[in-house]
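Take a look at the structure set out below.
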Amino acid sequence: MTFPDWYLKQREKARKELKFAKPSKYGVDIPLQDYLREGKETGKVDGLKKLDKFTQERLEIVGERADEQFRSASYLQQDNLVTYLKIIKKALPKGVVVMSTDEAIKEFSWLKDYYFKIIPPNLNKYTTFINAYSKGGIFVWVKKGVSVEFPVQACFYTKSSNYVQIPHNFIIAEPYSKIHLLSGCVPDKKCTNSVHIAATEVHIKEGAEVSFTMLHNWNADSQVRSNVGIKVEKGATCISNYLLSSEVKNLQMYPTAILERDARAVFNTMLFCCGKSQVDAGSAIYFNGEGSRGEVKTRALILDNSRCFMRGNLSANKKCFGHLECRGLILSKNALGKAYPNLSGSQDAELTHEASMAKIKQEELNYLMTRGFSKDEAVSLVARGFIDLDIPGLPPAVNNYIKRVIESTTKRGI
Amino acid sequence: MQIRDLYVGVRGREILRGINLDIERGERHMLMGPNASGKTTLALAIMGFPQFKITRGEIIFNAQPLNNLSIDKRAKMGIALAVQAPPKVDINFGQFINEIEAKFGKSTEPVEKAFPQEVEHFKSRNLNDGLSGGEKRRSELLQILAMRPKFIILDEIDSGVDIDSLKLIGEILDKRQESMLIISHYRHISNHLKVDKIHILGFGRILVSGSSAKILDGLERYGYKKYLKRLGICKECPSKECVVVK
């Protein structure tokens, strides 16, 4: 099958517009023309367990289970290529379609009505770039009333150096369906100077529930721009979890949800900013429907020489309830954290926020030390507790990894 | 636990001036005294809080001097403190108990047994987050019992606790074998927990000691000021020796 005309025309138009595309409002500018769009030739993978041990370990720390236990489907994209896609028949009920976005565009003509319909394609140069050159991405379509117990796992693995990965993901949850997508992004340890520019559009229809968990673990020279747009229709629910668990050169993301009547959205963002990371992250909710509810919770551990900017925006024009929390825990002298909470609401809206940027209180450390923990252990305990997300479906490997990273890095931060 | 001629200052101000106290293995001592008499200062100095500077004297536990040991080292030796005003910490209570048990070894007598309902109730919460006064006391008790301690310091464990909970706390502690220093303003906990000795702290020293309930009766009847005066102790004329009430 070939790509439909609408898609090819749209790409062609975006390529022309790219020269004039406006830079992103946040984050440093990435000169995209300097990066390769063609990756290494990689053959198909027979199974995640067939990957070498090293790659399996990389996948594990972003939540991917090589044994595929407690998963309903697996998707692996290496550079541009979808190298593995498996439906676990016992776990994935009929009425769920999991495939690559490229294939879905060829197969479903109606996808035109969803394509760049939440995220404006000309939002900034990165969205224009995705519109022009995207490759791959996971497409998940859950039909009406279908509920999937175990998460669909998707991994975006970068192997090539000086390369830009450009997936465009879709989740379309039809009315009263339920699904959890667990998506992990990780480069090969040997991969240098990689860029990941992604778009994810999530359409949650009436009464449906989508959990979307994104785990990122980068190399110190990786650059990341993630664009997530979520439309939550009447009575539907969106739970979005995000964890950054490594150093990254720079990362910017600002997932945004639009809520209709009685819809609900929860954003949990946990940032581990270390080394020389420059992180600009947060979430926004637009309360467009009466009775909608939303919560944005962003927490960051900030240490070494990292810079962390936490943003949050609640904007309401109907009777609704929203809460925004931005909290940073600064563990090093040279680390910098800034919080930008923003609320704008009409008379009926009840919007609240709390923001803090602080170091660990001596009182807390002394208290934990009375329970036999050394100062290092006490700092590590507070740091782990501070970014504890309690995400369902995460394999123990992820929690163990986070524990290890925090223990090793907080020591140097004290 | 032996405390010899202990002087402790906070931010340059001397709070304790010559404390002498011996608590034998398995003994329970109750420390009373008016507000700001230095009871909590003594507890925190025993535990090794750095802002409580020992300027003279020494604290010895199991024949080992504690003066230069950090808080956690003292805790590992078996000293456990239930603090009066525990701070809120971003750690899940259930996970924290697991961490304590991992450090000290799981007790044959699980802590859950002491307060089964509380453990369930606290498990989903962060440490000391949104707890009532009584809940904070029970949370403290659960934590220190998980440490399998040898010496327990209870700083106002009866504060803000209702009658039933106080009875329960007293009965749980009464079954324990550890040595205890129980700091309190009131005698009520001693109705449920057998106490070997009672001390009154004032003017930075232990003014009165004894094993007799007469001390508690006297305090209840006259209050600190009058009772001490009856024993010949007042601010203007502090007796140099501790009065022993038999």
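Residue numbering restarts at 1 in every chain; chains get A, B, ... in the order shown in the structure tokens, and ligands count up from 1 in that same order.
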
Strand (DSSP E) residues, from DSSP on the backbone, in stretch 217-274 of chain A, as a VMD selection string: chain A and resid 223 to 232 237 to 244 250 to 253 256 to 259 264 to 273

Suppose we keep C-alpha atoms; can you now write the selection as a tab-separated table (two decimals), in the first residue's frame?
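As a result, again.tsv now contains:
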chain	number	residue	atom	x	y	z
A	223	GLN	CA	18.39	16.56	22.78
A	224	VAL	CA	14.66	16.02	23.11
A	225	ARG	CA	11.48	17.79	22.08
A	226	SER	CA	8.27	15.96	22.90
A	227	ASN	CA	4.91	17.37	21.82
A	228	VAL	CA	1.85	15.78	23.36
A	229	GLY	CA	-1.72	16.89	22.74
A	230	ILE	CA	-4.67	15.22	24.43
A	231	LYS	CA	-8.35	15.74	23.78
A	232	VAL	CA	-10.51	14.40	26.59
A	237	THR	CA	-10.29	10.32	31.79
A	238	CYS	CA	-6.65	10.83	30.97
A	239	ILE	CA	-3.83	9.89	33.29
A	240	SER	CA	-0.43	10.93	32.03
A	241	ASN	CA	2.77	9.96	33.81
A	242	TYR	CA	6.21	11.08	32.80
A	243	LEU	CA	9.59	10.20	34.24
A	244	LEU	CA	12.98	11.53	33.19
A	250	ASN	CA	18.38	19.56	26.78
A	251	LEU	CA	14.75	18.50	26.92
A	252	GLN	CA	11.58	20.44	26.38
A	253	MET	CA	8.05	19.17	26.68
A	256	THR	CA	-1.44	19.80	26.92
A	257	ALA	CA	-4.93	18.45	27.54
A	258	ILE	CA	-8.23	19.94	26.48
A	259	LEU	CA	-11.11	18.85	28.68
A	264	ARG	CA	-10.73	14.50	33.97
A	265	ALA	CA	-6.99	14.77	33.45
A	266	VAL	CA	-4.06	14.04	35.73
A	267	PHE	CA	-0.46	14.83	34.83
A	268	ASN	CA	2.31	13.43	36.99
A	269	THR	CA	5.76	14.55	35.93
A	270	MET	CA	8.89	13.42	37.71
A	271	LEU	CA	12.16	14.93	36.61
A	272	PHE	CA	15.59	13.80	37.63
A	273	CYS	CA	17.82	16.66	36.54

Distance-based interface of chain A with chain B, 9 Å, counting only C-alpha atoms, as a PyMOL selection string: chain A and resi 363-364+366-375+381-388

Spatial neighbours of stretch 61-68 of chain A, 8 Å, only C-alpha atoms, chain gap at least 3 places, as a ChimeraX atom specification: /A:47-49,56-58,71-74,153-155,182-186,215-217,394-395,397-398,401

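Close contacts of stretch 189-192 of chain A, defined as residues with an atom at most 7 Å away when counting only C-alpha atoms, with chain neighbours fewer than 6 positions off set aside, comprise Lys159, Ser160, Ser161, Asn162, Asn219 and Asp221 of chain A.
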
For N, CA and C atoms, I'd like the residues from the last selection saved as a compact mmCIF listing (two decimals), in the first residue's frame.
# COMPACT_ATOMS: atom_id res chain seq x y z
N LYS A 159 19.86 4.25 17.65
CA LYS A 159 21.14 3.55 17.53
C LYS A 159 22.19 4.43 16.87
N SER A 160 21.74 5.27 15.92
CA SER A 160 22.70 6.02 15.11
C SER A 160 23.10 7.34 15.76
N SER A 161 24.36 7.69 15.58
CA SER A 161 24.83 8.98 16.09
C SER A 161 24.48 10.09 15.10
N ASN A 162 24.45 11.30 15.60
CA ASN A 162 24.12 12.49 14.79
C ASN A 162 22.81 12.32 14.03
N ASN A 219 21.15 9.85 26.83
CA ASN A 219 22.58 10.05 27.02
C ASN A 219 22.82 11.53 27.32
N ASP A 221 24.40 13.73 25.93
CA ASP A 221 24.40 14.68 24.82
C ASP A 221 23.13 14.59 23.96

Point-to-point distance from atom CA of B:Arg28 to atom CA of B:Phe61, Å rounded to tenths: 15.1 Å

Backbone-only DSSP, helix (DSSP H, G or I) members of stretch 72-170 of chain B, as a ChimeraX atom specification: /B:72-77,93-104,111-113,116-123,133-146,163-170

Write to file, as a PDB file, in the first residue's frame, the residues of the selection just made, with C-alpha atoms.
ATOM      1  CA  ASP B  72      22.404   7.389  63.206  1.00  0.00           C
ATOM      2  CA  LYS B  73      25.272   5.642  65.001  1.00  0.00           C
ATOM      3  CA  ARG B  74      23.472   6.050  68.314  1.00  0.00           C
ATOM      4  CA  ALA B  75      20.294   4.704  66.700  1.00  0.00           C
ATOM      5  CA  LYS B  76      22.221   1.706  65.390  1.00  0.00           C
ATOM      6  CA  MET B  77      23.508   1.051  68.923  1.00  0.00           C
ATOM      7  CA  PHE B  93       5.024   5.235  55.652  1.00  0.00           C
ATOM      8  CA  GLY B  94       4.730   1.572  54.645  1.00  0.00           C
ATOM      9  CA  GLN B  95       7.911   1.751  52.568  1.00  0.00           C
ATOM     10  CA  PHE B  96       9.708   3.507  55.404  1.00  0.00           C
ATOM     11  CA  ILE B  97       8.820   0.756  57.860  1.00  0.00           C
ATOM     12  CA  ASN B  98      10.170  -1.756  55.307  1.00  0.00           C
ATOM     13  CA  GLU B  99      13.403   0.255  55.074  1.00  0.00           C
ATOM     14  CA  ILE B 100      13.760   0.286  58.873  1.00  0.00           C
ATOM     15  CA  GLU B 101      13.112  -3.443  59.023  1.00  0.00           C
ATOM     16  CA  ALA B 102      15.657  -4.017  56.261  1.00  0.00           C
ATOM     17  CA  LYS B 103      18.221  -2.139  58.342  1.00  0.00           C
ATOM     18  CA  PHE B 104      17.530  -3.644  61.744  1.00  0.00           C
ATOM     19  CA  VAL B 111       5.097  -4.064  64.371  1.00  0.00           C
ATOM     20  CA  GLU B 112       1.755  -4.417  62.667  1.00  0.00           C
ATOM     21  CA  LYS B 113       0.640  -6.455  65.641  1.00  0.00           C
ATOM     22  CA  PRO B 116      -2.959  -3.335  62.978  1.00  0.00           C
ATOM     23  CA  GLN B 117      -5.521  -0.735  61.958  1.00  0.00           C
ATOM     24  CA  GLU B 118      -3.039   2.110  62.104  1.00  0.00           C
ATOM     25  CA  VAL B 119      -0.514   0.330  59.930  1.00  0.00           C
ATOM     26  CA  GLU B 120      -3.132  -0.140  57.226  1.00  0.00           C
ATOM     27  CA  HIS B 121      -4.281   3.435  57.659  1.00  0.00           C
ATOM     28  CA  PHE B 122      -0.762   4.911  57.521  1.00  0.00           C
ATOM     29  CA  LYS B 123       0.578   2.679  54.747  1.00  0.00           C
ATOM     30  CA  GLY B 133      -1.793  14.235  67.478  1.00  0.00           C
ATOM     31  CA  GLY B 134      -2.680  10.700  68.552  1.00  0.00           C
ATOM     32  CA  GLU B 135      -1.843   9.254  65.139  1.00  0.00           C
ATOM     33  CA  LYS B 136       1.564  10.901  65.251  1.00  0.00           C
ATOM     34  CA  ARG B 137       2.307   9.187  68.583  1.00  0.00           C
ATOM     35  CA  ARG B 138       1.279   5.791  67.234  1.00  0.00           C
ATOM     36  CA  SER B 139       3.302   6.352  64.080  1.00  0.00           C
ATOM     37  CA  GLU B 140       6.352   7.181  66.206  1.00  0.00           C
ATOM     38  CA  LEU B 141       5.837   4.097  68.302  1.00  0.00           C
ATOM     39  CA  LEU B 142       5.518   1.838  65.261  1.00  0.00           C
ATOM     40  CA  GLN B 143       8.739   3.222  63.819  1.00  0.00           C
ATOM     41  CA  ILE B 144      10.803   2.794  66.961  1.00  0.00           C
ATOM     42  CA  LEU B 145       9.477  -0.701  67.614  1.00  0.00           C
ATOM     43  CA  ALA B 146      10.534  -1.644  64.069  1.00  0.00           C
ATOM     44  CA  ILE B 163      -7.860   7.843  77.033  1.00  0.00           C
ATOM     45  CA  ASP B 164      -8.304   4.573  75.106  1.00  0.00           C
ATOM     46  CA  SER B 165      -5.215   5.124  72.969  1.00  0.00           C
ATOM     47  CA  LEU B 166      -3.157   6.053  76.009  1.00  0.00           C
ATOM     48  CA  LYS B 167      -4.177   2.794  77.658  1.00  0.00           C
ATOM     49  CA  LEU B 168      -3.260   0.867  74.529  1.00  0.00           C
ATOM     50  CA  ILE B 169       0.128   2.603  74.212  1.00  0.00           C
ATOM     51  CA  GLY B 170       0.844   2.038  77.911  1.00  0.00           C
TER      52      GLY B 170
END

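Atom CA of A:Asn305 to atom CA of A:Pro187 spans 22.4 Å [interatomic distance, one decimal].
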
Contact residues around stretch 20-24 of chain B with only C-alpha atoms at 7 Å, ignoring same-chain residues under 6 positions, as number ranges by chain: B: 1-6

Atoms to include: C-alpha atoms. Write the selected residues as an mmCIF file, in the first residue's frame.
data_model
loop_
_atom_site.group_PDB
_atom_site.id
_atom_site.type_symbol
_atom_site.label_atom_id
_atom_site.label_comp_id
_atom_site.auth_asym_id
_atom_site.auth_seq_id
_atom_site.Cartn_x
_atom_site.Cartn_y
_atom_site.Cartn_z
ATOM 1 C CA MET B 1 22.541 4.492 80.159
ATOM 2 C CA GLN B 2 24.747 6.668 82.321
ATOM 3 C CA ILE B 3 24.675 10.445 82.192
ATOM 4 C CA ARG B 4 27.467 12.150 84.093
ATOM 5 C CA ASP B 5 27.526 15.865 84.989
ATOM 6 C CA LEU B 6 25.989 16.791 81.634
#

Atom-to-atom span, atom CA of A:Ala132 and atom CA of A:Val28, Å: 21.0 Å

Residue neighbourhood A:Ser315, 9 Å, only C-alpha atoms, exclusion window fewer than 3 positions, as a VMD selection string: chain A and resid 284 to 288 322 342 to 346 351

Who sits within 8 Å of B:Thr55, only C-alpha atoms, same chain under 4 positions skipped, as a PyMOL selection string: chain B and resi 6-9

Best match for closeness to A:Ser24 among A:Cys326, A:Asp280, A:Val142, A:Lys53, counting only C-alpha atoms: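 Selected residue with least distance to A:Ser24: A:Asp280.
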
Nearest to A:Ile138 by atom-to-atom distance, counting only C-alpha atoms, from A:Val98, A:Ile105, A:Leu111, A:Ile166: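 Distance minimum relative to A:Ile138 lands on A:Val98.
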